[in-house]
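> Supplied structure: query.cif, mmCIF, C-alpha atoms.
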data_structure
#
loop_
_atom_site.label_atom_id
_atom_site.label_comp_id
_atom_site.auth_asym_id
_atom_site.auth_seq_id
_atom_site.Cartn_x
_atom_site.Cartn_y
_atom_site.Cartn_z
CA MET A 1 -19.11 -38.20 6.08
CA PRO A 2 -19.75 -38.73 2.38
CA ASP A 3 -23.29 -38.18 1.22
CA GLU A 4 -24.23 -41.48 -0.41
CA ARG A 5 -27.99 -41.07 -0.70
CA HIS A 6 -27.92 -39.79 -4.28
CA LEU A 7 -25.50 -42.15 -5.89
CA GLN A 8 -25.62 -45.87 -6.13
CA PRO A 9 -23.01 -48.00 -7.90
CA VAL A 10 -23.85 -48.61 -11.57
CA ASP A 11 -22.52 -51.39 -13.78
CA GLY A 12 -18.96 -51.71 -12.64
CA THR A 13 -18.69 -48.02 -11.71
CA PRO A 14 -17.75 -47.30 -8.12
CA GLY A 15 -20.39 -45.67 -5.92
CA ALA A 16 -20.02 -42.33 -4.19
CA SER A 17 -18.32 -43.80 -1.17
CA GLN A 18 -15.83 -45.69 -3.34
CA ILE A 19 -15.12 -42.52 -5.35
CA ASP A 20 -14.63 -40.52 -2.17
CA ARG A 21 -12.29 -43.16 -0.77
CA ASP A 22 -10.28 -43.33 -3.98
CA LEU A 23 -10.07 -39.59 -4.20
CA ALA A 24 -8.98 -39.21 -0.59
CA GLN A 25 -6.35 -41.89 -1.13
CA LEU A 26 -5.20 -40.21 -4.33
CA LEU A 27 -4.69 -36.87 -2.64
CA ALA A 28 -3.19 -38.21 0.58
CA ILE A 29 0.30 -36.95 -0.04
CA ALA A 30 2.47 -35.49 2.67
CA PRO A 31 4.97 -32.67 2.22
CA SER A 32 8.55 -33.77 1.86
CA PRO A 33 10.75 -33.25 4.95
CA GLU A 34 12.65 -30.41 3.30
CA PHE A 35 9.51 -28.53 2.22
CA ALA A 36 9.38 -26.21 5.25
CA ALA A 37 13.11 -25.52 4.97
CA ARG A 38 12.71 -24.62 1.31
CA VAL A 39 9.85 -22.25 2.10
CA ARG A 40 11.93 -20.58 4.83
CA GLU A 41 14.88 -20.20 2.49
CA ARG A 42 12.68 -18.74 -0.20
CA ILE A 43 11.22 -16.20 2.26
CA ARG A 44 14.70 -15.27 3.47
CA ASP A 45 15.86 -14.67 -0.10
CA GLU A 46 12.82 -12.57 -0.92
CA ARG A 47 13.25 -10.54 2.24
CA ALA A 48 16.87 -9.83 1.33
CA VAL A 49 15.89 -8.77 -2.17
CA ARG A 50 13.16 -6.51 -0.77
CA HIS A 51 15.61 -4.94 1.70
CA SER A 52 18.14 -4.17 -1.00
CA ARG A 53 15.39 -2.80 -3.24
CA SER A 54 14.07 -0.54 -0.46
CA ARG A 55 17.62 0.62 0.33
CA TRP A 56 18.03 1.57 -3.33
CA TRP A 57 14.79 3.56 -3.24
CA VAL A 58 15.76 5.34 -0.05
CA GLY A 59 19.13 6.29 -1.58
CA LEU A 60 17.46 7.57 -4.71
CA ALA A 61 14.90 9.60 -2.75
CA THR A 62 17.64 11.12 -0.58
CA ALA A 63 19.69 12.06 -3.63
CA ALA A 64 16.65 13.63 -5.32
CA ALA A 65 15.80 15.62 -2.19
CA ALA A 66 19.40 16.83 -1.93
CA ALA A 67 19.42 17.86 -5.59
CA VAL A 68 16.17 19.82 -5.16
CA PHE A 69 17.55 21.52 -2.07
CA VAL A 70 20.78 22.53 -3.86
CA LEU A 71 18.84 23.81 -6.88
CA MET A 72 16.59 25.89 -4.64
CA PHE A 73 19.59 27.33 -2.81
CA VAL A 74 21.47 28.19 -6.03
CA SER A 75 18.43 29.77 -7.71
CA ARG A 76 17.80 31.85 -4.60
CA ALA A 77 21.42 33.04 -4.57
CA TRP A 78 21.16 34.00 -8.27
CA ARG A 79 17.97 35.93 -7.67
CA THR A 80 19.64 37.88 -4.84
CA GLU A 81 22.58 38.73 -7.12
CA ASP A 82 20.28 39.94 -9.91
CA ALA A 83 18.25 42.27 -7.64
CA PRO A 84 18.99 46.04 -8.11
CA ARG A 85 21.55 47.38 -5.66
CA GLU A 86 19.69 50.57 -4.69
CA THR A 87 16.59 48.73 -3.64
CA ARG A 88 18.61 46.43 -1.41
CA THR A 89 20.32 49.42 0.20
CA ALA A 90 17.04 51.08 0.94
CA VAL A 91 15.49 47.94 2.37
CA ASP A 92 18.43 46.50 4.29
CA THR A 93 19.38 49.62 6.18
CA VAL A 94 17.50 51.03 9.10
CA LEU A 95 16.86 54.59 8.25
CA PRO A 96 14.84 57.45 9.70
CA VAL A 97 11.35 57.51 8.25
CA VAL A 98 9.61 60.58 6.99
CA ALA A 99 5.87 60.69 6.83
CA THR A 100 4.94 61.18 3.21
CA GLN A 101 1.20 61.43 3.54
CA PRO A 102 -0.94 63.83 5.48
CA PRO A 103 -2.79 62.25 8.39
CA VAL A 104 -5.92 60.46 7.33
CA GLN A 105 -8.88 61.23 9.48
CA SER A 106 -11.13 58.32 10.09
CA THR A 107 -14.80 59.09 9.61
CA PRO A 108 -17.83 57.38 11.03
CA LEU A 109 -19.49 54.66 8.98
CA ALA A 110 -21.88 55.95 6.40
CA SER A 111 -25.49 55.38 7.25
CA PRO A 112 -27.51 53.46 4.67
CA ARG A 113 -30.22 56.04 4.96
CA PRO A 114 -30.45 58.83 2.44
CA GLY A 115 -29.07 62.05 3.73
CA ALA A 116 -25.99 60.44 5.21
CA HIS A 117 -24.07 60.51 1.90
CA GLU A 118 -22.05 63.52 2.99
CA ALA A 119 -19.78 61.21 5.00
CA ARG A 120 -18.47 59.39 1.89
CA PRO A 121 -16.16 61.89 0.15
CA PRO A 122 -13.37 61.88 2.78
CA ARG A 123 -13.21 58.06 2.61
CA VAL A 124 -12.91 58.09 -1.17
CA GLY A 125 -10.22 60.71 -0.85
CA ALA A 126 -8.24 58.54 1.55
CA ILE A 127 -8.41 55.58 -0.82
CA ALA A 128 -7.25 57.76 -3.71
CA ALA A 129 -4.33 59.00 -1.63
CA ALA A 130 -3.33 55.47 -0.71
CA THR A 131 -3.52 54.39 -4.36
CA ALA A 132 -1.39 57.32 -5.44
CA HIS A 133 1.10 56.42 -2.73
CA ALA A 134 1.30 52.83 -3.91
CA GLU A 135 1.86 53.85 -7.50
CA SER A 136 4.53 56.42 -6.60
CA PRO A 137 8.04 55.59 -7.87
CA GLN A 138 9.52 56.82 -4.58
CA PRO A 139 10.53 54.15 -2.03
CA GLU A 140 8.47 53.94 1.08
CA VAL A 141 11.38 54.81 3.37
CA LEU A 142 12.91 58.14 2.38
CA VAL A 143 16.44 59.07 3.33
CA PRO A 144 18.22 62.32 2.56
CA ARG A 145 20.53 61.85 -0.40
CA GLY A 146 23.67 62.74 1.58
CA GLN A 147 22.95 60.17 4.28
CA LEU A 148 22.20 57.51 1.71
CA ARG A 149 25.52 58.14 -0.01
CA ALA A 150 27.34 57.89 3.31
CA ILE A 151 25.62 54.64 4.19
CA ALA A 152 26.38 53.20 0.77
CA ARG A 153 30.05 54.17 1.18
CA LEU A 154 30.20 52.63 4.66
CA ARG A 155 28.67 49.44 3.36
CA GLU A 156 31.08 49.28 0.44
CA LEU A 157 34.08 49.77 2.74
CA THR A 158 32.79 47.09 5.09
CA LEU A 159 32.24 44.60 2.30
CA ASN A 160 35.66 45.28 0.75
CA GLY A 161 37.38 45.08 4.12
CA GLU A 162 38.76 48.63 3.73
CA LEU A 163 37.12 50.04 6.79
CA THR A 164 40.01 51.52 8.78
CA GLU A 165 40.33 54.35 11.24
CA LYS A 166 41.56 56.60 8.46
CA ASN A 167 38.42 56.12 6.44
CA LEU A 168 36.11 56.77 9.38
CA PRO A 169 34.74 60.26 9.96
CA PRO A 170 36.38 62.16 12.85
CA VAL A 171 35.03 61.34 16.32
CA GLY A 172 32.99 64.16 17.82
CA GLY A 173 32.17 65.60 14.44
CA ASN A 174 28.69 66.58 13.58
CA PRO A 175 27.00 63.35 12.52
CA GLY A 176 24.24 65.32 10.90
CA THR A 177 20.76 65.88 12.04
CA VAL A 178 18.45 62.95 12.25
CA ILE A 179 15.00 63.76 11.11
CA ASP A 180 12.31 62.82 13.56
CA ILE A 181 9.58 60.51 12.42
CA GLY A 182 6.54 62.64 11.90
CA VAL A 183 3.43 60.58 12.29
CA ALA A 184 0.26 62.57 12.63
CA PRO A 185 -2.03 61.41 15.43
CA LEU A 186 -4.95 59.31 14.30
CA THR A 187 -8.24 60.75 15.43
CA ILE A 188 -11.40 58.72 15.36
CA ALA A 189 -14.64 60.57 15.29
CA PRO A 190 -17.36 59.14 17.50
CA LEU A 191 -19.90 56.93 15.79
CA THR A 192 -23.31 58.49 15.58
CA VAL A 193 -26.23 56.30 14.77
CA PRO A 194 -29.40 58.09 13.73
CA GLU A 195 -32.50 57.06 15.53
CA VAL A 196 -34.68 54.58 13.72
CA GLU A 197 -38.27 55.56 13.39
CA ILE A 198 -40.81 52.78 13.38
CA ASN A 199 -44.09 53.47 11.70
CA LYS A 200 -46.94 51.25 12.67
CA GLY A 201 -48.12 50.85 9.06
CA ASP A 202 -44.71 49.59 7.79
CA LYS A 203 -44.31 45.84 7.56
CA MET B 204 19.49 9.54 24.32
CA HIS B 205 19.24 9.20 20.57
CA ASP B 206 21.14 5.91 20.59
CA ALA B 207 18.88 4.54 23.32
CA ALA B 208 15.77 5.47 21.32
CA SER B 209 17.20 3.88 18.16
CA LEU B 210 18.11 0.74 20.05
CA GLU B 211 14.63 0.54 21.54
CA LYS B 212 13.04 1.00 18.09
CA PHE B 213 15.32 -1.67 16.65
CA GLU B 214 14.47 -4.06 19.48
CA THR B 215 10.74 -3.46 18.91
CA LEU B 216 11.16 -4.18 15.20
CA VAL B 217 13.09 -7.36 15.91
CA THR B 218 10.45 -8.47 18.42
CA VAL B 219 7.63 -7.79 15.96
CA GLU B 220 9.47 -9.64 13.21
CA ALA B 221 10.16 -12.55 15.52
CA GLY B 222 6.47 -12.66 16.46
CA VAL B 223 5.43 -12.66 12.81
CA ASP B 224 7.93 -15.41 12.05
CA ARG B 225 6.70 -17.52 14.93
CA GLU B 226 3.05 -17.22 13.83
CA PHE B 227 3.96 -17.89 10.25
CA GLU B 228 5.94 -20.96 11.25
CA GLU B 229 2.82 -22.25 12.97
CA ARG B 230 0.70 -21.69 9.86
CA LEU B 231 3.35 -23.29 7.70
CA ARG B 232 3.37 -26.36 9.89
CA GLU B 233 -0.39 -26.81 9.95
CA CYS B 234 -1.22 -25.82 6.35
CA SER B 235 1.62 -27.40 4.36
CA SER B 236 -0.34 -30.59 3.63
CA LEU B 237 -3.44 -28.65 2.65
CA ALA B 238 -1.55 -26.44 0.18
CA ILE B 239 0.41 -29.32 -1.34
CA ARG B 240 -2.68 -31.49 -1.75
CA VAL B 241 -4.64 -28.68 -3.37
CA ALA B 242 -1.79 -28.05 -5.77
CA TYR B 243 -1.37 -31.78 -6.39
CA SER B 244 -5.04 -32.12 -7.31
CA VAL B 245 -4.42 -29.72 -10.19
CA VAL B 246 -0.89 -30.41 -11.39
CA GLY B 247 -0.88 -34.11 -10.47
CA HIS B 248 2.82 -34.17 -9.73
CA ARG B 249 4.33 -34.11 -6.27
CA GLN B 250 7.39 -31.98 -7.04
CA ASP B 251 5.40 -29.44 -9.03
CA ALA B 252 2.81 -29.35 -6.26
CA GLU B 253 5.51 -28.54 -3.73
CA ASP B 254 6.85 -25.77 -5.95
CA VAL B 255 3.39 -24.27 -6.26
CA ALA B 256 2.74 -24.53 -2.52
CA GLN B 257 6.11 -22.94 -1.82
CA GLU B 258 5.23 -20.01 -4.06
CA ALA B 259 1.86 -19.64 -2.32
CA PHE B 260 3.51 -19.60 1.12
CA ALA B 261 6.06 -17.03 -0.02
CA ARG B 262 3.24 -14.79 -1.21
CA ALA B 263 1.31 -15.39 1.99
CA TYR B 264 4.31 -14.23 4.01
CA THR B 265 4.41 -10.87 2.23
CA ARG B 266 0.73 -10.34 3.12
CA PHE B 267 0.83 -11.95 6.52
CA ALA B 268 -0.22 -8.74 8.28
CA GLN B 269 -3.71 -9.15 6.76
CA LEU B 270 -3.76 -12.93 7.09
CA ARG B 271 -3.01 -13.47 10.75
CA ASP B 272 -6.41 -14.94 11.43
CA ARG B 273 -6.15 -18.72 11.01
CA ASP B 274 -9.36 -19.20 8.98
CA ARG B 275 -8.59 -16.28 6.73
CA PHE B 276 -5.07 -17.57 6.17
CA ARG B 277 -6.27 -21.06 5.22
CA ALA B 278 -8.94 -19.73 2.86
CA TRP B 279 -6.51 -17.33 1.22
CA LEU B 280 -3.85 -20.03 0.92
CA VAL B 281 -6.26 -22.47 -0.73
CA ARG B 282 -7.42 -19.89 -3.28
CA MET B 283 -3.88 -18.73 -4.03
CA THR B 284 -2.54 -22.28 -4.35
CA TRP B 285 -5.40 -23.26 -6.61
CA ARG B 286 -4.84 -20.26 -8.87
CA LEU B 287 -1.08 -20.74 -9.02
CA ALA B 288 -1.53 -24.43 -9.75
CA LEU B 289 -3.95 -23.69 -12.59
CA ASP B 290 -1.52 -21.13 -14.01
CA ARG B 291 1.27 -23.66 -13.86
CA GLN B 292 -0.88 -26.33 -15.43
CA ARG B 293 -1.83 -24.04 -18.30
CA SER B 294 1.70 -22.80 -18.91
CA GLU B 295 3.35 -26.23 -18.75
CA LYS B 296 0.60 -28.48 -19.98
CA ARG B 297 2.87 -30.51 -22.24
CA ARG B 298 5.54 -31.05 -19.63
CA LEU B 299 3.27 -32.01 -16.77
CA VAL B 300 2.57 -35.71 -16.52
CA ARG B 301 0.22 -36.96 -13.87
CA GLU B 302 1.56 -39.37 -11.32
CA THR B 303 -0.61 -42.44 -11.12
CA ALA B 304 1.45 -44.34 -8.58
CA VAL B 305 -0.64 -44.94 -5.47
CA ALA B 306 0.82 -45.32 -2.04
CA PRO B 307 1.90 -48.96 -1.85
CA ALA B 308 0.95 -49.48 1.78
CA ALA B 309 -2.58 -50.57 1.00
CA GLU B 310 -1.63 -52.84 -1.88
CA HIS B 311 -0.04 -56.22 -1.37
CA THR B 312 0.53 -57.71 -4.79
CA ALA B 313 1.77 -56.37 -8.08
CA GLU B 314 -1.63 -57.09 -9.59
CA ASP B 315 -3.36 -55.03 -6.89
CA ALA B 316 -0.92 -52.19 -7.50
CA ALA B 317 -1.60 -52.28 -11.21
CA ILE B 318 -5.36 -52.20 -10.62
CA ALA B 319 -4.97 -49.29 -8.21
CA GLU B 320 -2.85 -47.39 -10.73
CA GLU B 321 -5.42 -47.97 -13.43
CA ARG B 322 -8.15 -46.72 -11.10
CA ALA B 323 -6.11 -43.66 -10.18
CA ALA B 324 -5.51 -42.82 -13.82
CA ARG B 325 -9.24 -43.07 -14.55
CA LEU B 326 -10.08 -40.96 -11.51
CA TRP B 327 -7.62 -38.26 -12.56
CA ALA B 328 -9.14 -38.24 -16.02
CA ALA B 329 -12.62 -37.93 -14.50
CA ILE B 330 -11.52 -35.10 -12.18
CA ASP B 331 -9.92 -33.20 -15.05
CA VAL B 332 -13.17 -32.96 -16.98
CA LEU B 333 -15.14 -31.57 -14.04
CA PRO B 334 -15.98 -27.85 -14.10
CA GLU B 335 -13.58 -25.86 -11.97
CA LYS B 336 -15.99 -24.97 -9.15
CA LEU B 337 -17.10 -28.60 -8.77
CA ARG B 338 -13.54 -29.81 -8.95
CA ILE B 339 -12.26 -27.59 -6.12
CA THR B 340 -15.29 -28.50 -4.01
CA ILE B 341 -14.80 -32.24 -4.26
CA VAL B 342 -11.02 -31.98 -3.92
CA LEU B 343 -11.23 -29.86 -0.78
CA SER B 344 -13.92 -32.12 0.50
CA ALA B 345 -11.68 -35.16 0.05
CA ILE B 346 -8.73 -33.35 1.65
CA GLU B 347 -10.75 -32.11 4.61
CA GLY B 348 -12.34 -35.49 5.29
CA TYR B 349 -15.70 -34.53 3.73
CA ASP B 350 -16.38 -31.88 6.33
CA THR B 351 -18.77 -29.61 4.40
CA ARG B 352 -18.66 -26.88 7.03
CA GLU B 353 -14.89 -26.58 6.73
CA VAL B 354 -15.09 -26.62 2.93
CA ALA B 355 -17.74 -23.90 3.06
CA ARG B 356 -15.46 -21.82 5.25
CA LEU B 357 -12.49 -22.33 2.94
CA LEU B 358 -14.45 -21.41 -0.18
CA ASP B 359 -16.46 -18.69 1.57
CA LEU B 360 -19.71 -20.28 0.43
CA PRO B 361 -22.91 -21.29 2.20
CA GLU B 362 -22.91 -24.88 3.39
CA GLY B 363 -25.94 -25.68 1.23
CA THR B 364 -24.08 -24.57 -1.90
CA VAL B 365 -21.15 -26.80 -0.98
CA LYS B 366 -23.44 -29.79 -0.48
CA SER B 367 -25.15 -29.18 -3.81
CA ARG B 368 -21.80 -28.82 -5.61
CA LEU B 369 -20.52 -31.93 -3.92
CA PHE B 370 -23.53 -33.87 -5.15
CA GLN B 371 -23.04 -32.60 -8.72
CA ALA B 372 -19.32 -33.35 -8.59
CA ARG B 373 -19.90 -36.93 -7.43
CA LYS B 374 -22.49 -37.42 -10.11
CA GLY B 375 -20.12 -36.01 -12.73
CA LEU B 376 -17.29 -38.23 -11.54
CA ALA B 377 -19.51 -41.32 -11.58
CA GLU B 378 -20.68 -40.55 -15.12
CA SER B 379 -17.15 -39.93 -16.35
CA LEU B 380 -15.90 -43.11 -14.72
CA GLN B 381 -18.79 -45.05 -16.28
CA CYS B 382 -17.88 -43.67 -19.72
CA LEU B 383 -14.26 -44.63 -19.15
CA THR B 384 -15.30 -48.13 -18.02
CA ASN B 385 -17.48 -48.55 -21.12
CA ASP B 386 -14.64 -47.36 -23.34
CA ILE B 387 -12.23 -49.86 -21.82
CA SER B 388 -14.69 -52.76 -21.98
CA SER B 389 -15.61 -52.01 -25.62
CA ARG B 390 -11.95 -52.27 -26.73
#
Could you show the structure in this file as structure tokens?


Amino acid sequence: MPDERHLQPVDGTPGASQIDRDLAQLLAIAPSPEFAARVRERIRDERAVRHSRSRWWVGLATAAAAAVFVLMFVSRAWRTEDAPRETRTAVDTVLPVVATQPPVQSTPLASPRPGAHEARPPRVGAIAAATAHAESPQPEVLVPRGQLRAIARLRELTLNGELTEKNLPPVGGNPGTVIDIGVAPLTIAPLTVPEVEINKGDK
Amino acid sequence: MHDAASLEKFETLVTVEAGVDREFEERLRECSSLAIRVAYSVVGHRQDAEDVAQEAFARAYTRFAQLRDRDRFRAWLVRMTWRLALDRQRSEKRRLVRETAVAPAAEHTAEDAAIAEERAARLWAAIDVLPEKLRITIVLSAIEGYDTREVARLLDLPEGTVKSRLFQARKGLAESLQCLTNDISSR
């Protein structure tokens, strides 16, 4: 209900209730019968536009993903082509392994107490050996030169499709001696912990 | 297996969309008058008001997921319609001409109709000079049958604030109408 306490009609001016009535009458318009249909049509149109727009985005995203995938594949193929042939031969083939380092003997943990420093030198030596091994130009897997040549030849024949019975070595021939893998046994020395002395005065 | 899963997903989507459409239809039915009247109070032209309300409904549809609650939908719709109507009024100020024709049902003679039109024109002029926050309060109040609680809910304001604004708006309207009356009588 209109609040009429504060306003009284003044000199030909309508009072609050008259203003409220006039205003309500002024704004009392109803939607036209086709209003709802127009709204529905508008929504349908917008939905169609949005669908086509989203389809366009999906297409673009798919094309971009495909392009990235192709680029990755091509660059990977190029990198494989550029890699040195010898390295690939050494890595791709399963060859007998020769131990290149003398066995490293594990030592017990060094005690923090003075007097136990004698245990350190072998550990430092092992690290130095490992570093030298890493910096060595030799590959990790060593194969006798003759065997490597034979494997390379076999691979070449296979790739060229020239591998025939004529090219194969005679059956029953001496295939050569395979070197056994020489891995020295790992020995672990028992851990000795010196007894801790507790002095009553120490705090 | 794959086809069955796709079909099920498609059916779910269709069902969800149908549900959204049904709810939206309901809102459209119950809020059309509100939106059109709010727009009409600003642009003062029935066709323009319908265009504005249509735009507001189209925008509401795109955000319907967040506006499913009835009260929230009505409040959002009123604010959006009001803003769109003001934008339209500002951009097409020269073109927009207020309708002063009043529904003829209440009037019997040509003289009565003329008086009513004159009164409507003066009322529009008085409404136009009101500050925006008072204007929307009194307009919504008139549309909602002077239910301050409903207006407070629509404007997200305390009821006391709405009552105070309503008082100021009525006072402003009365003063403006008095000025207009004095101007006419002094001619």

> With distances taken over all atoms listed in the file, which of B:Ile346, B:Val332, B:Ala268, B:Ile341 is nearest to B:Ser367?

B:Ile341

> B:Thr351: which residues within 7 Å, counting all atoms listed in the file, same-chain residues fewer than 4 positions away excluded, as a VMD selection string?

chain B and resid 344 355 362 365 to 366

> Write out as a tab-separated table the residues of chain B that have any atom within 6 Å of an atom of chain A, one row each with the nearest atom pair and its distance in Å to one decimal, counting all atoms listed in the file, sorted by chain and then rising number.


residue	atom	partner	partner_atom	distance
B:Ser236	CA	A:Ala30	CA	5.7
B:Arg240	CA	A:Leu27	CA	5.8
B:Gln257	CA	A:Val39	CA	5.5
B:Ala261	CA	A:Ile43	CA	5.7
B:Ala345	CA	A:Ala24	CA	4.9
B:Tyr349	CA	A:Met1	CA	5.5
B:Gln381	CA	A:Thr13	CA	5.5

> How many Å lie between atom CA of B:Phe267 and atom CA of B:Glu229, rounded to one decimal?

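According to the coordinates, atom CA of B:Phe267 and atom CA of B:Glu229 are separated by 12.3 Å.
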
> Any chance you could resolve the PyMOL selection byres ((chain B and resi 357) around 10) against this file and give the residues as a list of chain:residue names?

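So the PyMOL selection byres ((chain B and resi 357) around 10) ends up selecting B:Asp274, B:Arg275, B:Phe276, B:Arg277, B:Ala278, B:Trp279, B:Leu280, B:Val281, B:Arg282, B:Thr340, B:Leu343, B:Thr351, B:Arg352, B:Glu353, B:Val354, B:Ala355, B:Arg356, B:Leu358, B:Asp359, B:Leu360.
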
> Which residues come within 12 Å of B:Thr284, counting only C-alpha atoms, excluding same-chain residues fewer than 3 positions away, as a PyMOL selection string?

chain B and resi 234-246+251-263+276-281+287-292+339
